[in-house]
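J.: Next comes the structure file my_file.txt, holding compact mmCIF, C-alpha atoms.
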```txt
# COMPACT_ATOMS: atom_id res chain seq x y z
CA MET S 1027 56.02 6.62 -2.13
CA LYS S 1028 58.75 4.78 -3.96
CA ASP S 1029 58.98 1.02 -3.66
CA ASP S 1030 62.39 1.05 -2.02
CA SER S 1031 61.36 3.43 0.70
CA LEU S 1032 58.16 1.50 1.27
CA MET S 1033 60.06 -1.75 1.75
CA ARG S 1034 62.58 0.00 3.98
CA ARG S 1035 59.73 1.30 6.09
CA LEU S 1036 58.22 -2.16 6.27
CA ARG S 1037 61.53 -3.73 7.23
CA ALA S 1038 62.09 -1.11 9.89
CA ALA S 1039 58.74 -1.99 11.39
CA ARG S 1040 59.53 -5.69 11.44
CA PRO S 1041 58.73 -7.25 14.81
CA VAL S 1042 61.70 -8.81 16.55
CA ALA S 1043 62.60 -12.39 15.81
CA ALA S 1044 62.36 -15.24 18.26
CA GLU S 1045 65.40 -15.60 20.46
CA PRO S 1046 67.57 -18.51 19.40
CA GLY S 1047 67.47 -21.27 21.93
CA ASN S 1048 68.69 -24.76 22.62
CA HIS S 1049 66.00 -27.06 21.37
CA ALA S 1050 67.80 -30.37 21.81
CA ALA S 1051 65.09 -31.75 24.08
CA LEU S 1052 62.40 -30.95 21.55
CA PHE S 1053 64.43 -32.54 18.79
CA ALA S 1054 64.84 -35.69 20.88
CA ARG S 1055 61.16 -35.76 21.72
CA ILE S 1056 60.24 -35.64 18.05
CA VAL S 1057 62.69 -38.16 16.65
CA ALA S 1058 63.35 -40.60 19.47
CA GLU S 1059 61.79 -44.02 19.51
CA PRO S 1060 60.65 -45.68 22.71
CA GLY S 1061 63.66 -46.87 24.64
CA ASP S 1062 65.91 -44.17 23.23
CA PRO S 1063 68.11 -42.90 26.07
CA ARG S 1064 67.54 -39.34 24.90
CA LEU S 1065 63.97 -39.61 26.12
CA VAL S 1066 65.18 -39.99 29.68
CA GLU S 1067 66.38 -36.42 29.45
CA ALA S 1068 63.20 -35.23 27.79
CA PRO S 1069 59.94 -35.11 29.74
CA HIS S 1070 57.05 -37.11 28.39
CA GLU S 1071 54.99 -34.01 27.74
CA ARG S 1072 55.20 -32.52 24.35
CA SER S 1073 57.15 -29.87 22.61
CA SER S 1074 56.07 -26.62 24.16
CA ARG S 1075 57.00 -27.79 27.60
CA LEU S 1076 60.34 -28.98 26.34
CA LEU S 1077 60.97 -25.53 25.03
CA GLY S 1078 60.46 -24.20 28.51
CA ARG S 1079 57.51 -22.21 27.33
CA ARG S 1080 53.85 -22.43 28.05
CA VAL S 1081 51.80 -25.22 26.61
CA ARG S 1082 49.37 -24.31 23.88
CA PRO S 1083 45.92 -24.30 25.40
CA TRP S 1084 44.51 -26.30 22.54
CA ALA S 1085 47.32 -28.81 22.55
CA ARG S 1086 48.11 -29.29 26.18
CA ALA S 1087 47.98 -33.05 26.03
CA GLY S 1088 50.54 -35.02 24.10
CA PRO S 1089 49.59 -37.22 21.19
CA ARG S 1090 47.75 -40.27 22.40
CA VAL S 1091 48.81 -43.57 20.99
CA LEU S 1092 46.17 -46.20 20.61
CA ALA S 1093 47.02 -49.65 19.47
CA GLY S 1094 45.33 -52.94 19.33
CA SER S 1095 47.68 -54.34 21.91
CA THR S 1096 47.33 -54.19 25.66
CA LEU S 1097 50.49 -52.13 25.78
CA GLY S 1098 49.07 -49.54 23.46
CA LEU S 1099 45.88 -49.18 25.40
CA ALA S 1100 47.56 -49.01 28.78
CA GLY S 1101 48.62 -45.45 28.24
CA VAL S 1102 45.23 -44.11 27.48
CA GLY S 1103 42.83 -46.04 29.67
CA ALA S 1104 39.82 -47.92 28.59
CA ALA S 1105 37.00 -45.45 28.61
CA LEU S 1106 37.13 -43.53 25.38
CA VAL S 1107 33.72 -42.84 24.00
CA LEU S 1108 33.01 -40.58 21.12
CA ALA S 1109 30.32 -38.03 21.61
CA LEU S 1110 28.52 -38.29 18.35
CA SER S 1111 25.47 -36.43 17.33
CA GLY S 1112 22.29 -38.24 16.44
CA SER S 1113 20.00 -40.40 18.41
CA ALA S 1114 21.05 -43.82 17.15
CA ALA S 1115 24.41 -44.97 18.47
CA PRO S 1116 26.68 -46.03 15.63
CA PRO S 1117 28.61 -49.29 15.77
CA ALA S 1118 31.87 -49.14 17.69
CA PHE S 1119 33.75 -49.79 14.50
CA ALA S 1120 33.16 -50.79 10.94
CA ILE S 1121 35.48 -52.22 8.33
CA ALA S 1122 34.80 -51.94 4.65
CA ARG S 1123 36.70 -52.72 1.50
CA SER S 1124 36.83 -49.90 -1.00
CA GLY S 1125 36.65 -50.21 -4.73
CA ASP S 1126 40.33 -49.35 -5.06
CA GLY S 1127 41.29 -52.35 -2.95
CA SER S 1128 42.01 -50.38 0.21
CA VAL S 1129 40.42 -51.14 3.53
CA LEU S 1130 38.60 -48.42 5.48
CA VAL S 1131 38.42 -48.83 9.25
CA ASN S 1132 35.85 -46.48 10.76
CA ILE S 1133 36.38 -46.14 14.50
CA ASN S 1134 33.54 -44.64 16.50
CA ARG S 1135 34.69 -45.83 19.90
CA LEU S 1136 38.42 -45.86 20.33
CA GLN S 1137 38.38 -48.67 22.86
CA SER S 1138 37.14 -50.91 20.08
CA LEU S 1139 40.49 -50.71 18.29
CA PRO S 1140 41.68 -54.14 19.55
CA ALA S 1141 38.43 -55.63 18.28
CA ALA S 1142 38.94 -53.88 14.95
CA ASN S 1143 42.41 -55.32 14.65
CA HIS S 1144 41.06 -58.73 15.55
CA LYS S 1145 38.43 -58.35 12.87
CA LEU S 1146 41.08 -57.41 10.31
CA THR S 1147 42.88 -60.65 11.06
CA ALA S 1148 39.64 -62.59 10.87
CA MET S 1149 39.03 -61.07 7.44
CA GLY S 1150 42.40 -62.38 6.29
CA ILE S 1151 44.00 -58.95 6.40
CA HIS S 1152 47.16 -59.51 8.36
CA GLU S 1153 47.73 -55.90 9.28
CA GLN S 1154 47.38 -54.21 12.65
CA ILE S 1155 46.81 -50.52 13.11
CA THR S 1156 48.02 -48.10 15.75
CA VAL S 1157 46.48 -44.65 15.83
CA TYR S 1158 47.98 -41.47 17.20
CA MET S 1159 45.55 -38.87 18.44
CA ALA S 1160 46.35 -35.18 18.85
CA THR S 1161 44.38 -32.38 20.39
CA GLY S 1162 42.25 -30.01 18.39
CA ALA S 1163 39.87 -30.51 15.54
CA ALA S 1164 41.14 -32.16 12.39
CA PRO S 1165 42.35 -29.44 10.03
CA VAL S 1166 41.21 -31.61 7.18
CA SER S 1167 38.27 -33.92 7.62
CA GLY S 1168 38.28 -37.43 6.29
CA SER S 1169 40.21 -40.64 6.60
CA VAL S 1170 43.94 -41.01 7.13
CA THR S 1171 46.02 -43.56 5.26
CA CYS S 1172 48.15 -45.66 7.57
CA THR S 1173 51.79 -46.09 6.69
CA PRO S 1174 54.42 -48.59 7.75
CA ALA S 1175 56.76 -47.52 10.49
CA PRO S 1176 60.19 -46.47 9.23
CA GLY S 1177 62.50 -49.41 9.38
CA ALA S 1178 59.70 -51.93 9.62
CA SER S 1179 58.90 -54.17 6.71
CA SER S 1180 55.83 -53.12 4.78
CA PRO S 1181 52.83 -55.34 5.35
CA SER S 1182 51.89 -57.19 2.22
CA GLY S 1183 48.18 -56.48 2.58
CA PRO S 1184 46.06 -53.75 1.06
CA PRO S 1185 46.37 -50.07 2.06
CA VAL S 1186 44.51 -49.35 5.28
CA LYS S 1187 42.72 -46.08 5.96
CA VAL S 1188 41.27 -45.03 9.29
CA LEU S 1189 38.41 -42.64 9.88
CA VAL S 1190 37.67 -41.55 13.44
CA GLY S 1191 34.04 -40.65 13.94
CA THR S 1192 32.32 -39.14 10.99
CA ASP S 1193 34.88 -36.55 9.96
CA GLY S 1194 38.17 -37.33 11.69
CA THR S 1195 37.43 -35.37 14.85
CA GLU S 1196 36.51 -36.81 18.21
CA VAL S 1197 34.92 -34.81 20.99
CA ILE S 1198 35.18 -36.15 24.53
CA GLY S 1199 32.75 -34.29 26.70
CA SER S 1200 32.33 -33.90 30.42
CA GLY S 1201 31.97 -37.22 32.20
CA GLN S 1202 33.35 -39.20 29.30
CA SER S 1203 37.01 -38.88 30.03
CA ALA S 1204 37.53 -41.34 32.85
CA GLY S 1205 40.89 -42.97 32.57
CA ASN S 1206 42.20 -41.14 29.56
CA THR S 1207 43.95 -37.89 28.83
CA GLY S 1208 40.95 -35.71 29.44
CA GLU S 1209 38.05 -33.94 27.86
CA GLY S 1210 38.43 -31.99 24.70
CA THR S 1211 38.56 -32.25 20.98
CA PHE S 1212 40.94 -34.69 19.37
CA HIS S 1213 41.72 -35.76 15.87
CA LEU S 1214 43.50 -38.65 14.27
CA ASP S 1215 46.97 -37.28 13.73
CA HIS S 1216 48.45 -40.29 11.98
CA CYS S 1217 48.35 -44.02 12.02
CA VAL S 1218 50.79 -46.82 11.54
CA VAL S 1219 50.21 -50.25 10.13
CA THR S 1220 52.29 -53.29 10.92
CA GLY S 1221 52.10 -56.93 10.07
CA ASP S 1222 50.29 -59.26 12.44
CA THR S 1223 53.43 -59.93 14.42
CA GLY S 1224 55.23 -56.67 13.76
CA SER S 1225 55.52 -53.53 15.80
CA GLY S 1226 56.08 -49.91 15.07
CA ASN S 1227 55.91 -46.59 16.73
CA THR S 1228 56.13 -43.85 14.21
CA GLY S 1229 54.23 -43.22 11.08
CA ASN S 1230 53.06 -40.83 8.49
CA ALA S 1231 50.18 -39.45 6.52
CA GLY S 1232 48.60 -37.27 9.16
CA ASN S 1233 45.88 -34.85 8.25
CA THR S 1234 47.84 -31.81 9.25
CA GLY S 1235 50.53 -30.21 7.18
CA ALA S 1236 51.51 -28.82 3.90
CA GLY S 1237 50.23 -29.91 0.61
CA MET W 1313 69.13 -52.74 15.82
CA THR W 1314 71.44 -53.67 12.99
CA ARG W 1315 74.30 -51.47 11.94
CA ASP W 1316 72.63 -50.72 8.62
CA ARG W 1317 69.41 -49.67 10.28
CA GLN W 1318 71.28 -47.49 12.75
CA SER W 1319 73.19 -45.91 9.92
CA ASN W 1320 69.98 -45.23 8.05
CA ARG W 1321 68.42 -43.85 11.20
CA ASN W 1322 71.32 -41.46 11.67
CA ALA W 1323 71.02 -40.27 8.10
CA VAL W 1324 67.31 -39.63 8.52
CA GLU W 1325 67.91 -37.69 11.73
CA ALA W 1326 70.66 -35.67 10.08
CA ARG W 1327 68.25 -34.77 7.29
CA PHE W 1328 65.61 -33.76 9.81
CA ALA W 1329 68.18 -31.72 11.75
CA GLU W 1330 68.59 -29.50 8.69
CA ILE W 1331 64.87 -28.84 8.73
CA PHE W 1332 64.75 -28.46 12.48
CA ALA W 1333 67.28 -25.65 12.22
CA HIS W 1334 64.39 -23.50 10.97
CA LEU W 1335 62.48 -23.85 14.25
CA ASP W 1336 63.14 -20.28 15.37
CA PHE W 1337 62.35 -18.97 11.90
CA ILE W 1338 58.94 -20.63 11.97
CA SER W 1339 58.31 -19.48 15.52
CA THR W 1340 59.05 -15.93 14.43
CA TYR W 1341 56.83 -16.32 11.38
CA ALA W 1342 53.94 -17.53 13.53
CA ARG W 1343 54.43 -14.71 16.02
CA ARG W 1344 54.46 -12.07 13.32
CA ARG W 1345 51.23 -13.48 11.93
CA GLY W 1346 49.47 -13.23 15.26
CA ALA W 1347 49.68 -16.77 16.66
CA ARG W 1348 48.61 -17.16 20.25
CA ASP W 1349 51.36 -19.72 20.78
CA PRO W 1350 54.00 -19.32 18.08
CA ASP W 1351 56.45 -21.65 19.79
CA GLY W 1352 53.86 -24.36 19.99
CA ILE W 1353 53.02 -23.93 16.33
CA ALA W 1354 56.69 -24.10 15.37
CA ALA W 1355 57.14 -27.27 17.41
CA GLU W 1356 54.04 -28.77 15.87
CA ALA W 1357 55.25 -27.90 12.38
CA MET W 1358 58.50 -29.70 13.11
CA ALA W 1359 56.65 -32.76 14.34
CA VAL W 1360 54.66 -32.78 11.11
CA ALA W 1361 57.86 -32.39 9.12
CA TRP W 1362 59.36 -35.40 10.87
CA ARG W 1363 56.34 -37.53 10.12
CA ARG W 1364 56.26 -36.38 6.50
CA LEU W 1365 59.97 -36.13 5.95
CA ALA W 1366 59.75 -37.50 2.44
CA ASP W 1367 57.40 -34.67 1.46
CA VAL W 1368 59.69 -31.88 2.65
CA PRO W 1369 61.74 -30.38 -0.19
CA THR W 1370 65.43 -30.96 0.21
CA ALA W 1371 66.53 -27.67 -1.36
CA ASP W 1372 64.91 -25.35 1.18
CA ALA W 1373 62.33 -26.48 3.70
CA ARG W 1374 61.12 -23.03 4.66
CA PRO W 1375 58.25 -22.70 2.15
CA TRP W 1376 56.92 -26.12 3.15
CA LEU W 1377 57.23 -25.25 6.82
CA ILE W 1378 55.49 -21.92 6.28
CA VAL W 1379 52.56 -23.65 4.60
CA THR W 1380 52.36 -26.10 7.49
CA ALA W 1381 52.59 -23.32 10.07
CA ARG W 1382 49.90 -21.38 8.22
CA ASN W 1383 47.58 -24.41 8.37
CA LEU W 1384 48.28 -24.76 12.07
CA LEU W 1385 47.60 -21.06 12.57
CA LEU W 1386 44.23 -21.44 10.91
CA ALA W 1387 43.48 -24.44 13.11
CA GLU W 1388 44.47 -22.41 16.15
CA ARG W 1389 42.15 -19.61 15.10
CA ARG W 1390 39.32 -22.05 14.59
CA SER W 1391 39.72 -23.35 18.11
CA GLU W 1392 38.01 -21.78 21.06
CA PRO W 1393 40.45 -19.54 22.91
CA GLU W 1394 39.61 -20.57 26.44
CA THR W 1395 39.17 -24.30 26.29
CA GLY W 1396 40.67 -25.29 23.02
CA ARG W 1397 37.34 -26.86 22.12
CA GLN W 1398 34.98 -25.77 19.47
CA PRO W 1399 31.61 -27.16 18.57
CA LEU W 1400 31.87 -28.88 15.24
CA ALA W 1401 28.93 -26.93 13.94
CA ASP W 1402 30.80 -23.70 14.47
CA ILE W 1403 33.86 -24.64 12.47
CA GLU W 1404 34.12 -22.36 9.49
CA LEU W 1405 34.91 -24.02 6.23
CA GLU W 1406 36.46 -20.89 4.86
CA ALA W 1407 39.64 -19.84 6.58
CA PRO W 1408 39.33 -16.50 8.30
CA ALA W 1409 41.34 -13.66 6.88
CA GLU W 1410 44.77 -13.55 8.34
CA GLN W 1411 45.04 -10.78 10.85
CA LEU W 1412 47.87 -8.79 12.19
CA PRO W 1413 48.46 -9.25 15.87
CA SER W 1414 47.28 -6.20 17.73
CA GLU W 1415 50.14 -6.39 20.21
CA LEU W 1416 52.79 -5.81 17.54
CA ASP W 1417 54.30 -2.41 18.05
CA LEU W 1418 53.86 -1.04 14.56
CA ASP W 1419 53.77 2.45 13.19
CA PRO W 1420 50.00 3.19 13.37
CA ASP W 1421 49.78 4.35 9.77
CA LEU W 1422 51.64 1.31 8.54
CA ALA W 1423 49.58 -1.01 10.72
CA ARG W 1424 46.38 0.53 9.39
CA GLY W 1425 47.58 0.20 5.83
CA LEU W 1426 48.57 -3.43 6.30
CA ARG W 1427 45.22 -4.24 7.88
CA VAL W 1428 43.32 -2.71 5.00
CA LEU W 1429 45.41 -4.54 2.44
CA PRO W 1430 43.94 -7.81 1.11
CA GLU W 1431 45.45 -10.76 2.95
CA ARG W 1432 47.15 -12.19 -0.13
CA ASP W 1433 48.84 -8.85 -0.86
CA ARG W 1434 49.90 -8.39 2.73
CA GLU W 1435 51.39 -11.87 2.91
CA ALA W 1436 53.38 -11.28 -0.28
CA LEU W 1437 54.85 -8.12 1.19
CA LEU W 1438 55.61 -9.58 4.59
CA LEU W 1439 57.27 -12.72 3.25
CA ILE W 1440 59.82 -10.44 1.62
CA ALA W 1441 60.07 -7.58 4.09
CA TRP W 1442 59.69 -9.44 7.37
CA ASP W 1443 60.72 -13.02 6.62
CA ASP W 1444 63.56 -12.23 4.23
CA LEU W 1445 62.51 -14.82 1.69
CA THR W 1446 63.59 -14.54 -1.90
CA PRO W 1447 60.76 -14.05 -4.40
CA ALA W 1448 61.19 -17.67 -5.51
CA LEU W 1449 60.84 -19.02 -1.98
CA ALA W 1450 57.98 -16.67 -1.19
CA ALA W 1451 56.22 -17.85 -4.34
CA ALA W 1452 56.69 -21.46 -3.28
CA SER W 1453 55.25 -20.76 0.14
CA LEU W 1454 52.16 -19.29 -1.52
CA GLY W 1455 51.89 -22.05 -4.07
CA ILE W 1456 52.22 -19.74 -7.06
CA SER W 1457 54.83 -19.25 -9.74
CA PRO W 1458 57.67 -16.76 -9.24
CA THR W 1459 56.27 -14.67 -12.07
CA ALA W 1460 52.82 -14.56 -10.49
CA PHE W 1461 54.43 -13.68 -7.20
CA ARG W 1462 56.33 -10.76 -8.69
CA VAL W 1463 53.11 -9.41 -10.14
CA ARG W 1464 51.35 -9.82 -6.80
CA LEU W 1465 54.21 -8.17 -4.95
CA TYR W 1466 54.26 -5.25 -7.35
CA ARG W 1467 50.53 -4.69 -6.92
CA ALA W 1468 50.78 -5.09 -3.17
CA ARG W 1469 53.49 -2.46 -2.96
CA ARG W 1470 51.47 -0.10 -5.06
CA ARG W 1471 48.31 -0.64 -3.02
CA LEU W 1472 50.07 -0.15 0.28
CA SER W 1473 51.89 2.88 -1.02
CA ASP W 1474 48.60 4.41 -2.19
CA LEU W 1475 47.00 3.67 1.14
CA LEU W 1476 49.83 5.31 3.04
CA ILE W 1477 49.73 8.39 0.81
CA GLU W 1478 45.98 8.58 1.25
CA GLN W 1479 46.30 8.33 5.01
CA ALA W 1480 48.99 10.98 5.09
CA SER W 1481 46.81 13.36 3.11
CA VAL W 1482 43.83 13.04 5.43
CA LYS W 1483 44.96 14.25 8.82
CA PRO W 1484 42.52 14.37 11.68
CA VAL W 1485 41.19 17.80 12.60
CA SER W 1486 43.02 19.04 15.65
CA ALA W 1487 41.93 21.48 18.31
CA HIS W 1488 44.34 24.04 16.92
CA GLN W 1489 43.03 23.71 13.40
CA PRO W 1490 39.30 23.40 13.91
CA ASN W 1491 38.33 24.19 10.36
CA TRP W 1492 41.31 22.98 8.44
CA ARG W 1493 41.61 19.72 6.60
CA GLN W 1494 44.49 18.98 4.34
CA THR W 1495 43.49 17.56 1.00
```
Is it possible to express this structure as structure tokens?
T.:
Amino acid sequence: MKDDSLMRRLRAARPVAAEPGNHAALFARIVAEPGDPRLVEAPHERSSRLLGRRVRPWARAGPRVLAGSTLGLAGVGAALVLALSGSAAPPAFAIARSGDGSVLVNINRLQSLPAANHKLTAMGIHEQITVYMATGAAPVSGSVTCTPAPGASSPSGPPVKVLVGTDGTEVIGSGQSAGNTGEGTFHLDHCVVTGDTGSGNTGNAGNTGAG
Amino acid sequence: MTRDRQSNRNAVEARFAEIFAHLDFISTYARRRGARDPDGIAAEAMAVAWRRLADVPTADARPWLIVTARNLLLAERRSEPETGRQPLADIELEAPAEQLPSELDLDPDLARGLRVLPERDREALLLIAWDDLTPALAAASLGISPTAFRVRLYRARRRLSDLLIEQASVKPVSAHQPNWRQT
């Protein structure tokens, strides 16, 4: 079979493309900051719902935002406990300085984030972290480097990395989900770092994506 | 918000809008590669693109988006279909071979040939034939050089062509031809 006819045959068998649609609500949901009037038009739930299509079963809950502040925690409730293997319970959080000057914050219980931020300040590191959780296991295990929010001034302190659990994935089992978004598997999608008095709501360096 | 910051914000959103215009393309890509929720994967890819805007090539975002969508597809396949949960111990380190969705209405011979083809060959063919990428863009989405891609595409065509010829030459024995087999 000649190449041209083969490619023609392949093209002829091409499954139909997705129907073009109006995705303005999804666009707004992705780019808008809190307080943006476009969000009034867009439901709080995430993209698939905005598209008017079914929600992915493994991503039915929107990204959860956890911050050291009361405001950040209000949205997720207080009872977030990681189900970790092993008999000895690990510390709720641990902070360590790496040889390259960066700071690694290991979070084993997400409700300890305010305490972790407090500890950062006590260590003379005037940076506060906000973590954004998404459903599903982390595509890539390991820590995530926090980045400044766009438009916010970069904190002058060292780079801050966050590791949730032992590999970036958190499993909330039955009976452990009181007050939060539910049982399931979550991973640290991205995190944002601000100065002690700063604030931010978007960030970068998630562990999903190209590259 | 100062005027400068608003202006910068508008520029960033305008840049993202160019990428976001590929939403349907990525949704189609994910569907043709057998995603359970192609729209969700496309939306997720766009959210990742927004967060990593500086990493997205300005010339053409499609290869970057395809790589992201492919990663999300693999994550979807690793997840448990019913609950979305998967025991950590069961997560495979090696990505499963990409599979063709069974519900696609393909010519059976062609479908069989594509399934037998090595995944890397199949993807090279489909990026051109189904996704209408140029060889350069297809190469970028596979992380290889255009020259390497052309070689891979050539071999993939030849392999698929051989498979189709082989299939055509071995017809099943029918009730009317009980003892005949074309060779």
J.: Which distance in Å separates atom CA of Glu1330 of chain W and atom CA of Leu1377 of chain W, to one decimal?
T.: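 Separating atom CA of Glu1330 of chain W from atom CA of Leu1377 of chain W is a distance of 12.3 Å.
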J.: Atom CA of Asp1367 of chain W and atom CA of Ala1323 of chain W are how many Å apart?
T.: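 Computing the Euclidean distance for atom CA of Asp1367 of chain W and atom CA of Ala1323 of chain W yields 16.2 Å.
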J.: How many Å lie between atom CA of Arg1467 of chain W and atom CA of Pro1041 of chain S, rounded to one decimal?
T.: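 Taking atom CA of Arg1467 of chain W as the start and atom CA of Pro1041 of chain S as the end point, the length is 23.4 Å.
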J.: Residues of chain W near chain S: apply a cut-off of 7 Å, count only C-alpha atoms, and supply the list as an mmCIF file with C-alpha atoms, keeping the file's coordinate frame.
T.:
```cif
data_model
loop_
_atom_site.group_PDB
_atom_site.id
_atom_site.type_symbol
_atom_site.label_atom_id
_atom_site.label_comp_id
_atom_site.auth_asym_id
_atom_site.auth_seq_id
_atom_site.Cartn_x
_atom_site.Cartn_y
_atom_site.Cartn_z
ATOM 1 C CA ARG W 1317 69.410 -49.670 10.280
ATOM 2 C CA ASP W 1336 63.140 -20.280 15.370
ATOM 3 C CA SER W 1339 58.310 -19.480 15.520
ATOM 4 C CA THR W 1340 59.050 -15.930 14.430
ATOM 5 C CA ARG W 1344 54.460 -12.070 13.320
ATOM 6 C CA ASP W 1349 51.360 -19.720 20.780
ATOM 7 C CA ASP W 1351 56.450 -21.650 19.790
ATOM 8 C CA GLY W 1352 53.860 -24.360 19.990
ATOM 9 C CA ALA W 1355 57.140 -27.270 17.410
ATOM 10 C CA ALA W 1359 56.650 -32.760 14.340
ATOM 11 C CA VAL W 1360 54.660 -32.780 11.110
ATOM 12 C CA ARG W 1363 56.340 -37.530 10.120
ATOM 13 C CA ARG W 1364 56.260 -36.380 6.500
ATOM 14 C CA TRP W 1376 56.920 -26.120 3.150
ATOM 15 C CA VAL W 1379 52.560 -23.650 4.600
ATOM 16 C CA THR W 1380 52.360 -26.100 7.490
ATOM 17 C CA ASN W 1383 47.580 -24.410 8.370
ATOM 18 C CA ALA W 1387 43.480 -24.440 13.110
ATOM 19 C CA THR W 1395 39.170 -24.300 26.290
ATOM 20 C CA GLY W 1396 40.670 -25.290 23.020
ATOM 21 C CA ARG W 1397 37.340 -26.860 22.120
ATOM 22 C CA LEU W 1416 52.790 -5.810 17.540
ATOM 23 C CA LEU W 1418 53.860 -1.040 14.560
ATOM 24 C CA ASP W 1419 53.770 2.450 13.190
ATOM 25 C CA ALA W 1441 60.070 -7.580 4.090
ATOM 26 C CA TRP W 1442 59.690 -9.440 7.370
ATOM 27 C CA ARG W 1469 53.490 -2.460 -2.960
ATOM 28 C CA SER W 1473 51.890 2.880 -1.020
#
```
J.: Just want the 8 Å neighbourhood of Tyr1341 of chain W, counted on only C-alpha atoms, with same-chain residues fewer than 5 positions away dropped. Output as an mmCIF file with C-alpha atoms, keeping the file's coordinate frame.
T.:
```cif
data_model
loop_
_atom_site.group_PDB
_atom_site.id
_atom_site.type_symbol
_atom_site.label_atom_id
_atom_site.label_comp_id
_atom_site.auth_asym_id
_atom_site.auth_seq_id
_atom_site.Cartn_x
_atom_site.Cartn_y
_atom_site.Cartn_z
ATOM 1 C CA PRO W 1350 54.000 -19.320 18.080
ATOM 2 C CA ILE W 1378 55.490 -21.920 6.280
ATOM 3 C CA ASP W 1443 60.720 -13.020 6.620
#
```
J.: Pick from S:Ala1122, S:Val1188, S:Ile1151, S:Ala1051: nearest to Leu1139 of chain S, with all atoms listed in the file counted?
T.: S:Val1188
J.: If we draw a sphere of 6 Å around (48.8, -48.4, 14.0), which residues have at least one atom in it when counting all atoms listed in the file? Please report them as a VMD selection string.
T.: chain S and resid 1093 1155 to 1157 1217 to 1219
J.: Which residues, written as a list in words, have at least one atom at most 8 Å from segment 1436-1439 of chain W, with all atoms listed in the file counted and residues fewer than 5 positions away on the same chain left out?
T.: Asp1444, Leu1445, Ala1450, Phe1461, Arg1464, Leu1465, Ala1468 and Arg1469 of chain W
J.: In terms of the shortest atom-to-atom distance over only C-alpha atoms, which of W:Arg1382, W:Arg1374, W:Arg1345, W:Arg1470 is closest to Ile1331 of chain W?
T.: W:Arg1374
J.: Using all atoms listed in the file, find the one residue out of S:Ile1121, S:Cys1172, S:Ala1160, S:Ala1148 that sits nearest to Asn1134 of chain S.
T.: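 When distances to Asn1134 of chain S are compared using all atoms listed in the file, the smallest one comes from S:Ile1121.
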